[in-house]
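> Sharing a structure, written as structure tokens. Questions coming.
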Amino acid sequence: MKQFLVVSLLFIWSLAALAAGTQYVMRVDGLACPYCAYGIEKKLKKIDGVEKIDVDLEKGLVVVEVSEGVEITEPQMKQLFKDAGFTYRSMTKQPL
Amino acid sequence: MAVLEVTRLSGLGATLLVLLIGSPAWAHDPVFGLGPHVLYKGGVEVATEVHTDKAGDEQDTELGLELVYGITGDWAAGIELSYARKEEGPQSASGTGDVSLFTKYRFWRHDTLGAQESAAVLLKVKTDSGDDNATPALGTGTTDTILGLTYGYESLKWYRWASLRYRRNGENDAGLRRGDKILFDLVGGWRPTPPSYYEPDTVWLLELNGEYGKRAELNGVELANTGGTEWFLSPGIFWTKRNFAIKAGVQIPIASDLNGDQEETDYRAKLVLEWHL
């Protein structure tokens with residue numbers, strides 16, 4: 001019974017984690033002013049499932065949180081940042 | 001015909017003043033000079049600006065509306081509409097000014113952490129569309145072309161720009177051709193506090209603007225009291241919050257070598273409100 005409860009709790013926890021979506025952290029060069037970076041926000045918001053965007057200018061990071069099941073790819077981001085006028089470097093992802 | 005020529009010539013000084021300012025708003029660029037900034041692909045920039053020039057008893061004020069579209073991440077194009085008011089001694093007139101079309105292409109960009117260095121070329125064509133029958137004339141009655149080259153470096157703390165523009169002026173129906181212009185700008189910028197994306201951001205600017213004008217010609221004959229050189233020192237500010245920007249600056253003349261008998265510029269001022277949509 002105890003084992004069943006633990007397994008059930010783990011299952012529910014993992015479901016909740018999946019439902020919470022994914023956080024992508026992208027390293028971007030050329031971010032020198034907030035006003036200029038607005039194009040990034042605008043383009044990211046066009047992607048279905050993007051829930052939160054933050055830009056850390058000093059560290060050159062663009063942090064994007066997406067909802068469950070939404071995937072962001074490197075080629076997609078390379079193009080997006082090129083169109084926004086910046087240079088995409090790398091990306092890491094982690095579940096929320 | 002002679003009366004018409006004299007009338008047009010009397011408006012020459014004021015015309016020269018207003019046309020020098022015609023630098024599109026362009027995002028994070030200097031207030032009076034030219035920078036390499038363009039617009040993100042698919043982006044729309046709407047800017048409204050007012051600028052005023054005073055030289056002796058001539059005062060020109062122009063209200064402009066600009067629309068810019070980002071064709072790619074490095075190429076943008078736009079249109080500028082204007083409403084002008086001119087005063088020359090006892091005479092004054094107001095109405096639509098000339099319409100301009102412009103495009104800018106950023107041909108080089110080097111991005112590093114927290115900094116962007118780039119260079120661009122600009123082409124601007126001022127059409128013969130304003131009211132040049134008013135006294136003083138609100139349009140030049142000519143189609144003029146501006147070609148510009150600019151370099152810029154932006155970082156989280158410091159900014160620097162350099163630009164060179166050449167303005168080729170057309171000839172109006174009366175045979176008057178205003179002298180071609182060369183404009184040179186050196187600009188420095190300083191951001192006192194580190195920027196945060198969702199917070200307001202301020203950059204202080206100091207520009208050195210130089211202008212050299214050839215003599216105007218009437219039916220091929222040079223006019224003595226036209227052309228020359230002026231230098232300005234121009235403090236300015238760039239304030240932004242998200243997709244909204246305010247740019248403002250004043251051009252203060254520091255040196256002048258105008259040909260013959262001409263009114264020297266007292267000051268020029270510019271205020272720009274800009275949105276990225």
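Lettering and numbering for the structure tokens are positional, with chains as A, B, ... in the shown order, residues counted from 1 in each chain, and ligands counted from 1 in the shown order.
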Counting only C-alpha atoms, which residues from chain A have an atom at most 12 Å from any atom of chain B, and could you show them as number ranges by chain?

A: 27-43, 46, 53-63, 79-89

> Would you mind writing down, as a PyMOL selection string, each residue of chain A that DSSP on the backbone assigns to strand (DSSP E or B)?

chain A and resi 22-29+50-56+61-66+87-95

> What lies within 8 Å of A:Glu74 using only C-alpha atoms, ignoring chain neighbours under 3 positions off, as an MDAnalysis selection string?

chainID A and resid 77:78 90:91

> Just the number, please: distance in Å from atom CA of B:Asp57 to atom CA of B:Gly227, one decimal.

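Interatomic distance, atom CA of B:Asp57 to atom CA of B:Gly227: 18.3 Å.
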
> So that I can check the surroundings of B:Gly130, please list as a PyMOL selection string every protein, DNA and RNA residue that reaches within 12 Å of it, counting only C-alpha atoms and ignoring chain neighbours fewer than 2 positions away.

chain B and resi 15+81-85+94-100+126-128+132-134+136-143

> Store the residues picked out above, limited to N, CA and C atoms, as a PDB file, in the first residue's frame.


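File written: part.pdb
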ATOM      1  N   THR B  15      14.799  77.697 -46.357  1.00  0.00           N
ATOM      2  CA  THR B  15      14.783  76.377 -46.972  1.00  0.00           C
ATOM      3  C   THR B  15      16.038  75.597 -46.609  1.00  0.00           C
ATOM      4  N   LEU B  81       6.283  62.300 -43.662  1.00  0.00           N
ATOM      5  CA  LEU B  81       5.360  63.356 -44.067  1.00  0.00           C
ATOM      6  C   LEU B  81       5.608  64.552 -43.158  1.00  0.00           C
ATOM      7  N   SER B  82       5.410  65.752 -43.679  1.00  0.00           N
ATOM      8  CA  SER B  82       5.688  66.891 -42.810  1.00  0.00           C
ATOM      9  C   SER B  82       4.672  68.011 -42.976  1.00  0.00           C
ATOM     10  N   TYR B  83       4.533  68.752 -41.909  1.00  0.00           N
ATOM     11  CA  TYR B  83       3.715  69.961 -41.905  1.00  0.00           C
ATOM     12  C   TYR B  83       4.632  71.074 -41.423  1.00  0.00           C
ATOM     13  N   ALA B  84       4.739  72.118 -42.202  1.00  0.00           N
ATOM     14  CA  ALA B  84       5.742  73.141 -41.889  1.00  0.00           C
ATOM     15  C   ALA B  84       5.131  74.504 -41.619  1.00  0.00           C
ATOM     16  N   ARG B  85       5.821  75.238 -40.770  1.00  0.00           N
ATOM     17  CA  ARG B  85       5.475  76.657 -40.576  1.00  0.00           C
ATOM     18  C   ARG B  85       6.761  77.457 -40.698  1.00  0.00           C
ATOM     19  N   SER B  94       2.182  78.440 -43.535  1.00  0.00           N
ATOM     20  CA  SER B  94       2.173  77.084 -42.977  1.00  0.00           C
ATOM     21  C   SER B  94       1.367  76.169 -43.887  1.00  0.00           C
ATOM     22  N   GLY B  95       1.712  74.911 -43.880  1.00  0.00           N
ATOM     23  CA  GLY B  95       1.027  73.937 -44.726  1.00  0.00           C
ATOM     24  C   GLY B  95       1.885  72.696 -44.902  1.00  0.00           C
ATOM     25  N   THR B  96       1.517  71.879 -45.871  1.00  0.00           N
ATOM     26  CA  THR B  96       2.244  70.625 -46.046  1.00  0.00           C
ATOM     27  C   THR B  96       3.642  70.873 -46.614  1.00  0.00           C
ATOM     28  N   GLY B  97       4.590  70.161 -46.049  1.00  0.00           N
ATOM     29  CA  GLY B  97       5.964  70.231 -46.535  1.00  0.00           C
ATOM     30  C   GLY B  97       6.219  69.095 -47.516  1.00  0.00           C
ATOM     31  N   ASP B  98       7.474  68.904 -47.846  1.00  0.00           N
ATOM     32  CA  ASP B  98       7.831  67.855 -48.813  1.00  0.00           C
ATOM     33  C   ASP B  98       7.762  66.462 -48.182  1.00  0.00           C
ATOM     34  N   VAL B  99       7.383  65.498 -48.985  1.00  0.00           N
ATOM     35  CA  VAL B  99       7.358  64.099 -48.548  1.00  0.00           C
ATOM     36  C   VAL B  99       8.693  63.457 -48.898  1.00  0.00           C
ATOM     37  N   SER B 100       9.218  62.652 -47.980  1.00  0.00           N
ATOM     38  CA  SER B 100      10.489  61.966 -48.239  1.00  0.00           C
ATOM     39  C   SER B 100      10.316  60.455 -48.143  1.00  0.00           C
ATOM     40  N   LYS B 126      13.988  63.224 -51.148  1.00  0.00           N
ATOM     41  CA  LYS B 126      12.961  64.202 -50.770  1.00  0.00           C
ATOM     42  C   LYS B 126      12.262  64.620 -52.052  1.00  0.00           C
ATOM     43  N   THR B 127      10.988  64.358 -52.101  1.00  0.00           N
ATOM     44  CA  THR B 127      10.253  64.619 -53.336  1.00  0.00           C
ATOM     45  C   THR B 127       9.794  66.066 -53.418  1.00  0.00           C
ATOM     46  N   ASP B 128       9.440  66.481 -54.606  1.00  0.00           N
ATOM     47  CA  ASP B 128       8.919  67.835 -54.828  1.00  0.00           C
ATOM     48  C   ASP B 128       7.407  67.788 -54.619  1.00  0.00           C
ATOM     49  N   ASP B 132       5.129  74.966 -52.675  1.00  0.00           N
ATOM     50  CA  ASP B 132       6.184  75.942 -52.952  1.00  0.00           C
ATOM     51  C   ASP B 132       5.627  77.231 -53.555  1.00  0.00           C
ATOM     52  N   ASN B 133       4.286  77.363 -53.514  1.00  0.00           N
ATOM     53  CA  ASN B 133       3.681  78.621 -53.974  1.00  0.00           C
ATOM     54  C   ASN B 133       3.442  79.584 -52.820  1.00  0.00           C
ATOM     55  N   ALA B 134       3.532  79.055 -51.599  1.00  0.00           N
ATOM     56  CA  ALA B 134       3.335  79.922 -50.440  1.00  0.00           C
ATOM     57  C   ALA B 134       4.523  80.865 -50.301  1.00  0.00           C
ATOM     58  N   PRO B 136       6.703  82.590 -47.215  1.00  0.00           N
ATOM     59  CA  PRO B 136       7.793  81.873 -47.868  1.00  0.00           C
ATOM     60  C   PRO B 136       7.386  80.456 -48.275  1.00  0.00           C
ATOM     61  N   ALA B 137       8.090  79.892 -49.252  1.00  0.00           N
ATOM     62  CA  ALA B 137       7.750  78.563 -49.772  1.00  0.00           C
ATOM     63  C   ALA B 137       7.912  77.498 -48.693  1.00  0.00           C
ATOM     64  N   LEU B 138       7.001  76.526 -48.674  1.00  0.00           N
ATOM     65  CA  LEU B 138       7.064  75.453 -47.677  1.00  0.00           C
ATOM     66  C   LEU B 138       7.782  74.221 -48.217  1.00  0.00           C
ATOM     67  N   GLY B 139       7.813  74.106 -49.521  1.00  0.00           N
ATOM     68  CA  GLY B 139       8.594  73.038 -50.151  1.00  0.00           C
ATOM     69  C   GLY B 139       9.714  73.671 -50.953  1.00  0.00           C
ATOM     70  N   THR B 140      10.648  72.860 -51.406  1.00  0.00           N
ATOM     71  CA  THR B 140      11.790  73.421 -52.138  1.00  0.00           C
ATOM     72  C   THR B 140      11.522  73.508 -53.637  1.00  0.00           C
ATOM     73  N   GLY B 141      10.518  72.778 -54.103  1.00  0.00           N
ATOM     74  CA  GLY B 141      10.273  72.744 -55.544  1.00  0.00           C
ATOM     75  C   GLY B 141      11.280  71.890 -56.282  1.00  0.00           C
ATOM     76  N   THR B 142      11.990  71.060 -55.550  1.00  0.00           N
ATOM     77  CA  THR B 142      13.021  70.209 -56.172  1.00  0.00           C
ATOM     78  C   THR B 142      12.957  68.796 -55.588  1.00  0.00           C
ATOM     79  N   THR B 143      13.547  67.881 -56.303  1.00  0.00           N
ATOM     80  CA  THR B 143      13.754  66.542 -55.757  1.00  0.00           C
ATOM     81  C   THR B 143      15.226  66.442 -55.365  1.00  0.00           C
TER      82      THR B 143
END

> Would you mind telling me which residue in A:Tyr24, A:Gln76, A:Glu65, A:Gly49 lies nearest to A:Thr92 when using only C-alpha atoms?

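Among the listed residues, A:Tyr24 lies closest to A:Thr92.
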
> Near B:Val125, counting only C-alpha atoms, which residues have an atom at most 8 Å away, once you skip same-chain residues fewer than 3 positions from it, shown as a ChimeraX atom specification?

/B:100-102,143-146

> Can you work out the spacing between atom CA of B:Thr48 and atom CA of B:Lys181 in Å, to one decimal?

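Those two atoms sit 25.2 Å apart.
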
> By how many Å are atom CA of B:Lys54 and atom CA of B:Leu122 apart?

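Going from atom CA of B:Lys54 over to atom CA of B:Leu122 covers 27.2 Å.
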
> Pick out the residues sitting within 8 Å of B:Thr265, and hand them over as a PyMOL selection string; count only C-alpha atoms, and ignore anything fewer than 4 positions along from it in its own chain.

chain B and resi 53-56+253

> Can you pull out the residues contacting A:Ile72? Cut-off 10 Å, using only C-alpha atoms, and skip same-chain residues under 6 positions away; I want them as a list of chain:residue names.

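Near A:Ile72, the qualifying residues are A:Thr22, A:Gln23, A:Tyr24, A:Ile47, A:Val50, A:Val64, A:Val66, A:Met91, A:Lys93.
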
> Mind writing the picked residues with N, CA and C atoms as a PDB file, in the first residue's frame?


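Okay, selection_28.pdb is ready:
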ATOM      1  N   THR A  22       8.436  24.259 -19.936  1.00  0.00           N
ATOM      2  CA  THR A  22       9.891  24.237 -20.053  1.00  0.00           C
ATOM      3  C   THR A  22      10.452  25.660 -20.056  1.00  0.00           C
ATOM      4  N   GLN A  23      11.633  25.777 -19.491  1.00  0.00           N
ATOM      5  CA  GLN A  23      12.325  27.067 -19.538  1.00  0.00           C
ATOM      6  C   GLN A  23      13.533  26.947 -20.475  1.00  0.00           C
ATOM      7  N   TYR A  24      13.618  27.854 -21.418  1.00  0.00           N
ATOM      8  CA  TYR A  24      14.762  27.913 -22.327  1.00  0.00           C
ATOM      9  C   TYR A  24      15.591  29.146 -21.974  1.00  0.00           C
ATOM     10  N   ILE A  47       5.096  33.048 -30.985  1.00  0.00           N
ATOM     11  CA  ILE A  47       5.137  31.585 -30.900  1.00  0.00           C
ATOM     12  C   ILE A  47       4.069  31.121 -29.921  1.00  0.00           C
ATOM     13  N   VAL A  50       4.296  30.432 -25.706  1.00  0.00           N
ATOM     14  CA  VAL A  50       5.289  31.210 -24.952  1.00  0.00           C
ATOM     15  C   VAL A  50       4.551  31.996 -23.864  1.00  0.00           C
ATOM     16  N   VAL A  64      13.046  32.215 -21.765  1.00  0.00           N
ATOM     17  CA  VAL A  64      11.681  32.022 -22.270  1.00  0.00           C
ATOM     18  C   VAL A  64      11.047  30.826 -21.577  1.00  0.00           C
ATOM     19  N   VAL A  66       7.878  28.278 -21.722  1.00  0.00           N
ATOM     20  CA  VAL A  66       6.805  27.840 -22.617  1.00  0.00           C
ATOM     21  C   VAL A  66       5.919  26.826 -21.903  1.00  0.00           C
ATOM     22  N   MET A  91      21.842  27.548 -26.426  1.00  0.00           N
ATOM     23  CA  MET A  91      20.563  27.429 -25.706  1.00  0.00           C
ATOM     24  C   MET A  91      20.635  26.267 -24.723  1.00  0.00           C
ATOM     25  N   LYS A  93      17.940  24.065 -21.921  1.00  0.00           N
ATOM     26  CA  LYS A  93      16.536  23.931 -21.539  1.00  0.00           C
ATOM     27  C   LYS A  93      16.414  23.107 -20.280  1.00  0.00           C
TER      28      LYS A  93
END
